[in-house]
>>> print(open('run32.cif').read())   # mmCIF, C-alpha atoms
data_my_file
#
loop_
_atom_site.label_atom_id
_atom_site.label_comp_id
_atom_site.auth_asym_id
_atom_site.auth_seq_id
_atom_site.Cartn_x
_atom_site.Cartn_y
_atom_site.Cartn_z
CA MET A 985 90.37 92.53 99.05
CA LYS A 986 93.89 93.22 100.35
CA ILE A 987 94.14 96.64 102.01
CA LEU A 988 97.08 98.43 103.66
CA VAL A 989 96.60 100.87 106.55
CA SER A 990 99.49 102.99 107.76
CA GLY A 991 99.00 104.04 111.36
CA GLY A 992 96.59 101.14 111.66
CA THR A 993 97.19 100.72 115.39
CA GLY A 994 96.45 104.36 116.27
CA PHE A 995 93.12 105.85 117.30
CA VAL A 996 91.74 106.52 113.82
CA GLY A 997 93.67 103.68 112.19
CA THR A 998 92.27 101.09 114.57
CA ALA A 999 88.69 102.22 113.94
CA VAL A 1000 89.19 102.12 110.17
CA THR A 1001 90.89 98.72 110.37
CA GLU A 1002 88.05 97.24 112.42
CA SER A 1003 85.50 98.59 109.94
CA LEU A 1004 87.40 97.02 107.04
CA LEU A 1005 87.68 93.69 108.86
CA ALA A 1006 83.94 93.74 109.53
CA LEU A 1007 83.42 93.98 105.76
CA GLY A 1008 85.55 90.88 105.25
CA HIS A 1009 88.71 92.44 103.88
CA GLU A 1010 92.29 91.30 104.46
CA VAL A 1011 93.93 94.16 106.33
CA HIS A 1012 97.65 94.77 106.74
CA THR A 1013 98.56 97.50 109.22
CA ILE A 1014 101.90 99.32 109.19
CA GLY A 1015 103.55 100.95 112.20
CA ARG A 1016 106.82 101.53 114.01
CA SER A 1017 106.08 99.04 116.78
CA THR A 1018 104.38 95.66 116.97
CA PRO A 1019 101.03 95.63 118.80
CA SER A 1020 99.96 92.72 120.96
CA PHE A 1021 96.44 92.41 119.62
CA CYS A 1022 96.87 91.49 115.95
CA ASP A 1023 95.12 88.22 115.13
CA LYS A 1024 95.98 86.59 111.80
CA THR A 1025 92.97 84.30 112.11
CA LYS A 1026 90.79 87.38 111.62
CA ASN A 1027 92.56 88.48 108.42
CA ARG A 1028 94.54 91.11 110.32
CA TYR A 1029 98.31 91.32 109.88
CA HIS A 1030 100.83 93.83 111.16
CA HIS A 1031 104.14 94.90 109.65
CA THR A 1032 106.75 96.92 111.50
CA PHE A 1033 108.30 99.69 109.41
CA ASP A 1034 109.50 103.24 109.98
CA LEU A 1035 107.95 105.06 107.05
CA THR A 1036 110.40 107.93 107.39
CA LYS A 1037 113.31 105.59 106.68
CA ASP A 1038 112.19 102.21 105.36
CA ASP A 1039 111.07 101.36 101.84
CA LEU A 1040 107.96 99.20 101.69
CA PRO A 1041 108.78 95.79 100.17
CA LYS A 1042 107.21 94.28 97.09
CA SER A 1043 106.01 91.28 99.11
CA LEU A 1044 103.79 93.58 101.17
CA MET A 1045 102.64 95.89 98.41
CA SER A 1046 101.85 93.31 95.73
CA GLY A 1047 98.16 92.60 95.31
CA THR A 1048 97.07 95.58 97.38
CA GLU A 1049 93.98 97.31 96.03
CA ILE A 1050 93.65 100.24 98.44
CA PHE A 1051 96.13 102.06 100.67
CA PHE A 1052 94.80 104.08 103.61
CA HIS A 1053 97.56 106.47 104.72
CA ILE A 1054 96.55 107.48 108.24
CA ALA A 1055 99.91 107.61 110.04
CA ALA A 1056 101.14 111.10 110.95
CA LYS A 1057 102.99 113.12 113.55
CA ALA A 1058 100.41 115.33 115.24
CA GLY A 1059 100.83 117.93 117.95
CA VAL A 1060 101.37 121.63 118.50
CA TRP A 1061 105.06 121.59 119.33
CA GLY A 1062 108.23 120.05 117.96
CA SER A 1063 110.91 120.64 115.37
CA TYR A 1064 109.83 121.30 111.81
CA SER A 1065 112.23 118.63 110.57
CA GLN A 1066 110.53 115.95 112.67
CA PHE A 1067 107.10 116.93 111.38
CA PHE A 1068 108.40 117.11 107.81
CA SER A 1069 109.97 113.67 108.03
CA ALA A 1070 106.87 112.01 109.49
CA ASN A 1071 104.26 113.82 107.42
CA VAL A 1072 105.91 114.64 104.10
CA THR A 1073 108.81 112.22 103.62
CA ALA A 1074 106.71 109.24 104.70
CA THR A 1075 103.89 110.29 102.38
CA ARG A 1076 106.31 110.57 99.46
CA LYS A 1077 107.55 107.05 100.13
CA ILE A 1078 103.99 105.75 100.12
CA LEU A 1079 103.15 107.58 96.89
CA THR A 1080 106.26 106.13 95.24
CA ALA A 1081 105.37 102.64 96.45
CA CYS A 1082 101.77 102.94 95.19
CA GLN A 1083 103.01 104.06 91.78
CA SER A 1084 105.77 101.44 91.60
CA TYR A 1085 103.58 98.51 92.57
CA HIS A 1086 100.44 99.68 90.75
CA ILE A 1087 98.22 100.14 93.78
CA PRO A 1088 95.17 101.82 92.22
CA LYS A 1089 93.72 103.78 95.16
CA LEU A 1090 95.13 105.90 97.99
CA ILE A 1091 93.01 107.54 100.71
CA TYR A 1092 94.92 110.10 102.74
CA THR A 1093 93.80 111.14 106.23
CA SER A 1094 94.44 114.86 106.40
CA THR A 1095 93.20 117.59 108.77
CA PRO A 1096 91.28 120.88 108.57
CA SER A 1097 94.42 122.46 110.01
CA VAL A 1098 95.78 122.57 106.46
CA VAL A 1099 93.61 125.68 105.92
CA PHE A 1100 94.52 127.35 109.23
CA SER A 1101 94.69 131.12 108.71
CA GLN A 1102 94.53 132.76 112.19
CA LYS A 1103 90.97 133.81 111.32
CA PRO A 1104 87.61 132.31 112.28
CA ILE A 1105 86.16 129.81 109.80
CA ARG A 1106 82.40 129.45 109.55
CA ASN A 1107 80.86 126.85 107.23
CA GLY A 1108 84.24 126.56 105.51
CA THR A 1109 84.48 124.79 102.17
CA GLU A 1110 87.27 123.09 100.27
CA VAL A 1111 88.04 126.28 98.31
CA LEU A 1112 89.79 127.72 101.37
CA PRO A 1113 93.51 128.28 100.64
CA TYR A 1114 96.23 126.23 102.26
CA VAL A 1115 97.97 127.53 105.38
CA GLN A 1116 100.42 130.33 104.65
CA ASN A 1117 102.01 130.98 108.06
CA GLY A 1118 104.47 128.95 110.09
CA PHE A 1119 102.61 128.89 113.42
CA SER A 1120 102.09 125.14 113.29
CA PRO A 1121 104.63 122.74 111.76
CA TYR A 1122 101.89 120.10 111.91
CA ALA A 1123 99.49 122.17 109.80
CA LYS A 1124 102.20 123.20 107.35
CA THR A 1125 103.61 119.72 106.76
CA LYS A 1126 100.19 118.13 106.51
CA SER A 1127 99.26 120.70 103.87
CA LEU A 1128 102.40 119.91 101.88
CA ALA A 1129 101.68 116.19 102.07
CA GLU A 1130 98.02 116.64 101.12
CA LYS A 1131 98.94 118.67 98.05
CA GLU A 1132 101.35 115.99 96.87
CA VAL A 1133 98.75 113.26 97.37
CA LEU A 1134 96.09 115.15 95.43
CA ASN A 1135 98.50 116.12 92.66
CA ALA A 1136 99.36 112.45 92.21
CA HIS A 1137 95.78 111.65 91.20
CA MET A 1138 95.73 110.14 87.73
CA PRO A 1139 92.58 108.25 86.68
CA GLY A 1140 93.38 104.79 85.41
CA LYS A 1141 96.65 104.68 87.32
CA LEU A 1142 96.27 106.06 90.85
CA GLN A 1143 93.14 107.53 92.40
CA THR A 1144 93.80 109.76 95.41
CA ILE A 1145 91.60 111.73 97.77
CA ALA A 1146 92.11 113.41 101.16
CA LEU A 1147 89.75 113.35 104.13
CA ARG A 1148 89.83 116.15 106.70
CA PRO A 1149 88.08 114.96 109.89
CA HIS A 1150 87.79 117.66 112.53
CA LEU A 1151 88.55 117.17 116.26
CA VAL A 1152 88.16 113.41 116.46
CA TRP A 1153 86.84 112.11 119.78
CA GLY A 1154 85.32 108.99 121.32
CA LYS A 1155 86.25 105.98 123.43
CA GLY A 1156 89.98 105.34 123.26
CA ASP A 1157 90.84 108.94 122.33
CA PRO A 1158 94.47 109.31 123.46
CA HIS A 1159 94.68 113.08 123.22
CA LEU A 1160 91.74 115.45 122.88
CA LEU A 1161 89.23 115.02 125.72
CA PRO A 1162 91.51 113.20 128.20
CA ARG A 1163 93.98 116.10 128.04
CA VAL A 1164 91.25 118.72 128.41
CA ILE A 1165 89.77 116.89 131.40
CA GLN A 1166 93.19 116.46 132.99
CA ARG A 1167 94.01 120.16 132.63
CA HIS A 1168 90.65 121.13 134.13
CA ARG A 1169 91.15 118.81 137.11
CA ALA A 1170 94.57 120.37 137.64
CA GLY A 1171 93.07 123.87 137.57
CA LYS A 1172 95.05 124.80 134.45
CA LEU A 1173 92.22 125.25 131.95
CA LYS A 1174 90.72 128.62 131.05
CA ILE A 1175 88.19 129.79 128.50
CA ILE A 1176 90.13 131.48 125.71
CA GLY A 1177 88.28 134.33 124.03
CA ASP A 1178 84.71 135.35 124.76
CA GLY A 1179 83.48 131.76 125.05
CA THR A 1180 81.03 131.94 122.14
CA ASN A 1181 83.06 130.23 119.41
CA LYS A 1182 81.55 127.27 117.55
CA VAL A 1183 83.56 124.25 116.43
CA ASP A 1184 83.02 120.91 114.73
CA LEU A 1185 83.61 117.69 116.62
CA THR A 1186 83.70 114.31 114.88
CA HIS A 1187 83.06 111.06 116.70
CA ILE A 1188 85.47 108.27 115.81
CA ASP A 1189 82.66 106.11 114.38
CA ASN A 1190 81.80 108.88 111.92
CA VAL A 1191 85.46 109.20 110.94
CA ALA A 1192 85.77 105.47 110.25
CA HIS A 1193 82.50 105.56 108.31
CA ALA A 1194 83.81 108.42 106.16
CA HIS A 1195 86.83 106.34 105.20
CA ILE A 1196 84.59 103.44 104.16
CA CYS A 1197 82.35 105.82 102.18
CA ALA A 1198 85.43 107.18 100.40
CA MET A 1199 86.61 103.68 99.49
CA GLN A 1200 83.22 102.64 98.15
CA ALA A 1201 82.78 105.87 96.18
CA MET A 1202 86.18 105.41 94.54
CA GLN A 1203 85.29 101.85 93.61
CA LYS A 1204 82.11 103.02 91.91
CA ASN A 1205 83.71 105.99 90.12
CA GLU A 1206 87.23 105.49 88.77
CA ASN A 1207 87.52 109.20 87.95
CA LEU A 1208 86.75 110.35 91.48
CA GLY A 1209 89.80 111.88 93.11
CA GLY A 1210 92.25 114.73 93.34
CA LYS A 1211 90.06 116.50 95.91
CA PRO A 1212 89.94 117.02 99.70
CA TYR A 1213 86.80 116.58 101.80
CA PHE A 1214 85.90 118.04 105.18
CA ILE A 1215 84.41 115.45 107.52
CA SER A 1216 82.39 116.21 110.66
CA GLN A 1217 79.17 115.35 112.48
CA ASP A 1218 77.55 118.35 110.79
CA GLU A 1219 76.38 119.73 114.13
CA PRO A 1220 78.86 122.38 115.34
CA VAL A 1221 78.73 123.16 119.04
CA TYR A 1222 79.61 126.13 121.20
CA LEU A 1223 82.95 124.76 122.39
CA TRP A 1224 83.01 126.06 125.97
CA ASP A 1225 79.32 125.39 126.65
CA TRP A 1226 79.81 121.85 125.35
CA LEU A 1227 82.84 121.32 127.57
CA ASN A 1228 81.00 122.63 130.61
CA GLN A 1229 78.13 120.25 129.89
CA LEU A 1230 80.68 117.45 129.75
CA PHE A 1231 82.28 118.59 133.02
CA GLN A 1232 78.87 118.56 134.66
CA LEU A 1233 78.30 114.97 133.53
CA LEU A 1234 81.70 114.11 134.99
CA GLU A 1235 80.75 115.85 138.25
CA LEU A 1236 83.45 118.47 137.78
CA PRO A 1237 82.98 122.18 138.53
CA PRO A 1238 82.07 124.42 135.61
CA LEU A 1239 84.83 126.35 133.90
CA SER A 1240 84.46 130.08 134.47
CA ARG A 1241 87.95 131.63 134.40
CA SER A 1242 88.80 133.20 131.05
CA LEU A 1243 91.60 134.87 129.14
CA ASN A 1244 91.00 137.20 126.21
CA PHE A 1245 92.30 136.09 122.84
CA LYS A 1246 94.87 138.85 122.35
CA THR A 1247 96.49 138.13 125.69
CA ALA A 1248 96.53 134.38 125.05
CA PHE A 1249 98.05 134.95 121.61
CA LEU A 1250 100.82 137.19 123.02
CA ILE A 1251 101.52 134.70 125.81
CA GLY A 1252 101.72 131.92 123.23
CA SER A 1253 104.15 133.92 121.13
CA GLY A 1254 106.37 134.62 124.13
CA LEU A 1255 106.35 131.03 125.33
CA GLU A 1256 107.21 129.74 121.86
CA SER A 1257 110.25 132.02 121.78
CA LEU A 1258 111.33 131.02 125.28
CA TRP A 1259 110.87 127.30 124.60
CA SER A 1260 112.91 127.61 121.40
CA ILE A 1261 115.74 129.53 123.09
CA LEU A 1262 115.93 127.04 125.95
CA ASN A 1263 115.37 124.07 123.62
CA ILE A 1264 112.58 122.71 125.81
CA LYS A 1265 111.10 119.55 124.31
CA ASN A 1266 107.68 119.36 125.97
CA GLU A 1267 105.02 121.65 124.53
CA PRO A 1268 104.37 125.09 126.03
CA PRO A 1269 101.12 125.60 127.96
CA MET A 1270 100.03 128.03 125.22
CA THR A 1271 100.99 128.69 121.58
CA ARG A 1272 99.67 131.07 118.95
CA PHE A 1273 98.08 128.17 117.06
CA VAL A 1274 96.33 126.84 120.19
CA ALA A 1275 95.08 130.33 121.10
CA CYS A 1276 93.47 130.65 117.67
CA GLN A 1277 91.98 127.17 117.83
CA LEU A 1278 90.47 127.70 121.28
CA ALA A 1279 89.10 131.19 120.68
CA HIS A 1280 87.87 131.17 117.09
CA ASP A 1281 85.02 129.57 115.21
CA HIS A 1282 86.13 126.67 113.06
CA TRP A 1283 83.39 124.60 111.52
CA PHE A 1284 83.02 123.30 108.00
CA SER A 1285 80.53 122.27 105.35
CA ILE A 1286 80.33 118.57 104.51
CA LYS A 1287 78.27 119.09 101.34
CA SER A 1288 81.12 117.93 99.09
CA ALA A 1289 81.50 114.71 101.07
CA GLU A 1290 77.74 114.19 101.01
CA ARG A 1291 77.65 114.66 97.23
CA ASP A 1292 80.77 112.78 96.12
CA LEU A 1293 81.27 110.21 98.88
CA VAL A 1294 77.64 109.72 99.95
CA TYR A 1295 78.83 110.44 103.48
CA LYS A 1296 76.35 111.03 106.28
CA PRO A 1297 77.22 110.90 109.98
CA VAL A 1298 76.15 107.58 111.47
CA LYS A 1299 76.25 108.81 115.06
CA ARG A 1300 74.80 112.06 116.36
CA MET A 1301 76.15 114.00 119.32
CA ASN A 1302 73.73 112.79 122.00
CA GLN A 1303 74.21 109.12 121.15
CA ALA A 1304 77.96 109.55 120.82
CA MET A 1305 78.20 111.21 124.24
CA ASP A 1306 76.01 108.56 125.89
CA GLU A 1307 78.32 105.86 124.56
CA THR A 1308 81.55 107.68 125.38
CA LEU A 1309 80.68 109.00 128.85
CA PRO A 1310 81.27 105.74 130.80
CA TRP A 1311 84.79 105.56 129.37
CA LEU A 1312 85.47 109.22 130.20
CA GLN A 1313 84.20 108.64 133.75
CA SER A 1314 86.73 105.85 134.16
CA LEU A 1315 89.74 108.03 133.33
#
>>> encode(input="run32.cif", output="structure tokens")
Amino acid sequence: MKILVSGGTGFVGTAVTESLLALGHEVHTIGRSTPSFCDKTKNRYHHTFDLTKDDLPKSLMSGTEIFFHIAAKAGVWGSYSQFFSANVTATRKILTACQSYHIPKLIYTSTPSVVFSQKPIRNGTEVLPYVQNGFSPYAKTKSLAEKEVLNAHMPGKLQTIALRPHLVWGKGDPHLLPRVIQRHRAGKLKIIGDGTNKVDLTHIDNVAHAHICAMQAMQKNENLGGKPYFISQDEPVYLWDWLNQLFQLLELPPLSRSLNFKTAFLIGSGLESLWSILNIKNEPPMTRFVACQLAHDHWFSIKSAERDLVYKPVKRMNQAMDETLPWLQSL
């Protein structure tokens, strides 16, 4: 089966691509640059396009049965226009291409940040409303894109669903744990809040598995679609205890310094204003969105994914950490 994967050379995209190749599919990845590791002998092809500007050609789209749209601009800082272009404009182009070339299925990789509300979330479900504030251009633009994808669902013409994996980690992670470890080594990391907040973490193998489950569920049920699904390991952890356990395994000192949430939030607000006035491009050391994420509970129910997608985590926390630790130790 011919499958397209936008962002197929990124962290999540690579894992999904490798899972699809292992199942014997012909996979075409799409990205802004050409990677060095694509091997056509293994049914893997890469196409260089800028999805914010370029239209996808008929030669690439024809015969495609499933489109995985994983590419996105992530981060906690940057201009709204850049996030909108990468996350909304690119998604619109893909939706138009799927409709024009009769691609029957689209799986969109979203984020739980689309329901960010400044408040703790405990066992959150898909009925949570979309983000209403403008703290995070990433969260806002991903929510706009997700809504357009789900609204495009039309059984018999285009099936669409959205997956919301939470805090993806594992070997090859370019952002989450390497940045946390780096900040701790530099003495710049503090516990935000009272240190008792619980969060979901999702190992990359579980994320890739969820994408495969979604594809197979859509193949079995042509009416399935138009809905988002939270994806996690279904074992939320106390964030700061978990990080300190990790630091111990890495032979780093435990984290003990803390900053209360209100202070962190006010600092984030002030830094955002200063960075905007001075037009500083790199992200501030604290933002209102980050303060909320680090201090509050945010964990979600996966019952909908279990029911509709037959998703179950394939890797539990202990096994995932055992497999990831040697890579983290090498950083």
>>> closest_atom_pairs(input="run32.cif", of="segment 1218-1270 of chain A", to="segment 1149-1154 of chain A", cutoff="12 Å", atoms="all atoms listed in the file", output="tab-separated table")
residue	atom	partner	partner_atom	distance
A:Asp1218	CA	A:His1150	CA	10.4
A:Glu1219	CA	A:His1150	CA	11.7
A:Pro1220	CA	A:His1150	CA	10.5
A:Val1221	CA	A:Leu1151	CA	11.8
A:Leu1223	CA	A:Leu1151	CA	11.2
>>> closest_residue(input="run32.cif", among="A:Ile1014, A:Ala1289, A:Val1072, A:Val1164", to="Ala1201 of chain A", atoms="all atoms listed in the file")
A:Ala1289
>>> closest_residue(input="run32.cif", among="A:Tyr1295, A:Phe1051, A:Phe1033, A:Phe1068", to="Ala1192 of chain A", atoms="all atoms listed in the file")
A:Tyr1295
>>> resolve_selection(input="run32.cif", expression="the PyMOL selection byres ((chain A and resi 1112) around 10)", output="PyMOL selection string")
chain A and resi 1098-1101+1105+1108-1111+1113-1115
>>> residues_around(input="run32.cif", residues="segment 1238-1251 of chain A", least_positions_apart="4", cutoff="8 Å", atoms="only C-alpha atoms", output="number ranges by chain")
A: 1168, 1173-1178, 1228, 1231-1232, 1255, 1270-1272, 1275-1276, 1279
>>> resolve_selection(input="run32.cif", expression="the PyMOL selection byres ((chain A and resi 1136-1139) around 12)", output="NGL selection string")
:A and (1075-1076 or 1078-1080 or 1082-1083 or 1086-1092 or 1129-1135 or 1140-1146 or 1202-1203 or 1205-1212)
>>> residues_around(input="run32.cif", residues="segment 1001-1009 of chain A", least_positions_apart="5", cutoff="9 Å", atoms="all atoms listed in the file", output="list in words")
Met985, Lys986, Ile987, Val989, Gly992, Thr993, Val996, Lys1026, Asn1027, Arg1028, Ala1192, His1193 and Ile1196 of chain A
>>> atom_distance(input="run32.cif", atom1="atom CA of Thr1032 of chain A", atom2="atom CA of Thr1095 of chain A")
24.9 Å
>>> residues_around(input="run32.cif", residues="Pro1019 of chain A", least_positions_apart="3", cutoff="10 Å", atoms="all atoms listed in the file", output="ChimeraX atom specification")
/A:993,1015-1016,1022,1030-1032
>>> closest_residue(input="run32.cif", among="A:Val1294, A:Ala1194, A:Leu1161, A:Leu1234", to="Ile1215 of chain A", atoms="all atoms listed in the file")
A:Ala1194
>>> resolve_selection(input="run32.cif", expression="the PyMOL selection byres ((chain A and resi 1120) around 9)", output="PyMOL selection string")
chain A and resi 1059-1061+1064+1097+1100+1117-1119+1121-1125+1272-1273
>>> closest_residue(input="run32.cif", among="A:Leu1312, A:Leu1230, A:Met1045, A:Val1191", to="Ser1216 of chain A", atoms="only C-alpha atoms")
A:Val1191
>>> atom_distance(input="run32.cif", atom1="atom CA of Asn1266 of chain A", atom2="atom CA of Leu1147 of chain A")
28.9 Å
>>> closest_residue(input="run32.cif", among="A:Ile1054, A:Leu1236, A:Leu1278, A:Leu1185", to="Gln1313 of chain A", atoms="all atoms listed in the file")
A:Leu1236
>>> atom_distance(input="run32.cif", atom1="atom CA of Ser1046 of chain A", atom2="atom CA of Tyr1085 of chain A")
6.3 Å
>>> closest_residue(input="run32.cif", among="A:Thr1048, A:Ser1253, A:Ser1094, A:Gln1303", to="Tyr1213 of chain A", atoms="only C-alpha atoms")
A:Ser1094
>>> residues_around(input="run32.cif", residues="Asp1038 of chain A", least_positions_apart="3", cutoff="9 Å", atoms="all atoms listed in the file", output="PyMOL selection string")
chain A and resi 1033-1035+1041+1074+1077
>>> axis_aligned_box(input="run32.cif", around="segment 1049-1065 of chain A", padding_each_side="8 Å", output="JSON")
{"center_x": 102.9, "center_y": 109.5, "center_z": 107.7, "size_x": 34.6, "size_y": 40.3, "size_z": 39.3}
>>> residues_around(input="run32.cif", residues="Thr1036 of chain A", least_positions_apart="6", cutoff="7 Å", atoms="only C-alpha atoms", output="PyMOL selection string")
chain A and resi 1069-1070+1073-1074
>>> decode(input="run32.cif", residues="segment 987-1006 of chain A", atoms="N, CA and C atoms", output="PDB file, in the first residue's frame")
ATOM      1  N   ILE A 987       1.770   4.907   1.008  1.00  0.00           N
ATOM      2  CA  ILE A 987       1.435   5.768   2.141  1.00  0.00           C
ATOM      3  C   ILE A 987       2.345   6.988   2.132  1.00  0.00           C
ATOM      4  N   LEU A 988       1.774   8.167   2.390  1.00  0.00           N
ATOM      5  CA  LEU A 988       2.551   9.398   2.514  1.00  0.00           C
ATOM      6  C   LEU A 988       2.660   9.786   3.985  1.00  0.00           C
ATOM      7  N   VAL A 989       3.839  10.290   4.363  1.00  0.00           N
ATOM      8  CA  VAL A 989       4.074  10.722   5.742  1.00  0.00           C
ATOM      9  C   VAL A 989       4.744  12.086   5.717  1.00  0.00           C
ATOM     10  N   SER A 990       4.011  13.132   6.065  1.00  0.00           N
ATOM     11  CA  SER A 990       4.656  14.435   6.202  1.00  0.00           C
ATOM     12  C   SER A 990       5.418  14.459   7.521  1.00  0.00           C
ATOM     13  N   GLY A 991       6.575  15.119   7.515  1.00  0.00           N
ATOM     14  CA  GLY A 991       7.398  15.096   8.720  1.00  0.00           C
ATOM     15  C   GLY A 991       7.981  13.722   8.974  1.00  0.00           C
ATOM     16  N   GLY A 992       8.138  12.947   7.908  1.00  0.00           N
ATOM     17  CA  GLY A 992       8.565  11.555   8.056  1.00  0.00           C
ATOM     18  C   GLY A 992      10.006  11.365   8.445  1.00  0.00           C
ATOM     19  N   THR A 993      10.788  12.445   8.519  1.00  0.00           N
ATOM     20  CA  THR A 993      12.170  12.335   8.957  1.00  0.00           C
ATOM     21  C   THR A 993      12.368  12.903  10.361  1.00  0.00           C
ATOM     22  N   GLY A 994      11.286  13.341  11.003  1.00  0.00           N
ATOM     23  CA  GLY A 994      11.362  13.829  12.372  1.00  0.00           C
ATOM     24  C   GLY A 994      11.288  12.691  13.375  1.00  0.00           C
ATOM     25  N   PHE A 995      11.227  13.025  14.643  1.00  0.00           N
ATOM     26  CA  PHE A 995      11.246  12.027  15.709  1.00  0.00           C
ATOM     27  C   PHE A 995      10.059  11.072  15.612  1.00  0.00           C
ATOM     28  N   VAL A 996       8.848  11.617  15.628  1.00  0.00           N
ATOM     29  CA  VAL A 996       7.654  10.781  15.521  1.00  0.00           C
ATOM     30  C   VAL A 996       7.526  10.217  14.114  1.00  0.00           C
ATOM     31  N   GLY A 997       7.759  11.044  13.102  1.00  0.00           N
ATOM     32  CA  GLY A 997       7.611  10.602  11.721  1.00  0.00           C
ATOM     33  C   GLY A 997       8.509   9.445  11.360  1.00  0.00           C
ATOM     34  N   THR A 998       9.735   9.459  11.862  1.00  0.00           N
ATOM     35  CA  THR A 998      10.660   8.358  11.590  1.00  0.00           C
ATOM     36  C   THR A 998      10.161   7.059  12.207  1.00  0.00           C
ATOM     37  N   ALA A 999       9.663   7.139  13.441  1.00  0.00           N
ATOM     38  CA  ALA A 999       9.165   5.933  14.113  1.00  0.00           C
ATOM     39  C   ALA A 999       7.952   5.368  13.389  1.00  0.00           C
ATOM     40  N   VAL A1000       7.045   6.238  12.948  1.00  0.00           N
ATOM     41  CA  VAL A1000       5.873   5.777  12.210  1.00  0.00           C
ATOM     42  C   VAL A1000       6.289   5.183  10.872  1.00  0.00           C
ATOM     43  N   THR A1001       7.201   5.847  10.183  1.00  0.00           N
ATOM     44  CA  THR A1001       7.684   5.356   8.891  1.00  0.00           C
ATOM     45  C   THR A1001       8.303   3.973   9.023  1.00  0.00           C
ATOM     46  N   GLU A1002       9.131   3.780  10.027  1.00  0.00           N
ATOM     47  CA  GLU A1002       9.780   2.475  10.218  1.00  0.00           C
ATOM     48  C   GLU A1002       8.752   1.389  10.535  1.00  0.00           C
ATOM     49  N   SER A1003       7.720   1.739  11.280  1.00  0.00           N
ATOM     50  CA  SER A1003       6.665   0.767  11.571  1.00  0.00           C
ATOM     51  C   SER A1003       5.906   0.384  10.308  1.00  0.00           C
ATOM     52  N   LEU A1004       5.650   1.353   9.453  1.00  0.00           N
ATOM     53  CA  LEU A1004       4.949   1.085   8.192  1.00  0.00           C
ATOM     54  C   LEU A1004       5.810   0.236   7.260  1.00  0.00           C
ATOM     55  N   LEU A1005       7.097   0.536   7.208  1.00  0.00           N
ATOM     56  CA  LEU A1005       8.003  -0.258   6.366  1.00  0.00           C
ATOM     57  C   LEU A1005       8.071  -1.704   6.855  1.00  0.00           C
ATOM     58  N   ALA A1006       8.057  -1.881   8.170  1.00  0.00           N
ATOM     59  CA  ALA A1006       8.111  -3.232   8.731  1.00  0.00           C
ATOM     60  C   ALA A1006       6.878  -4.044   8.356  1.00  0.00           C
TER      61      ALA A1006
END
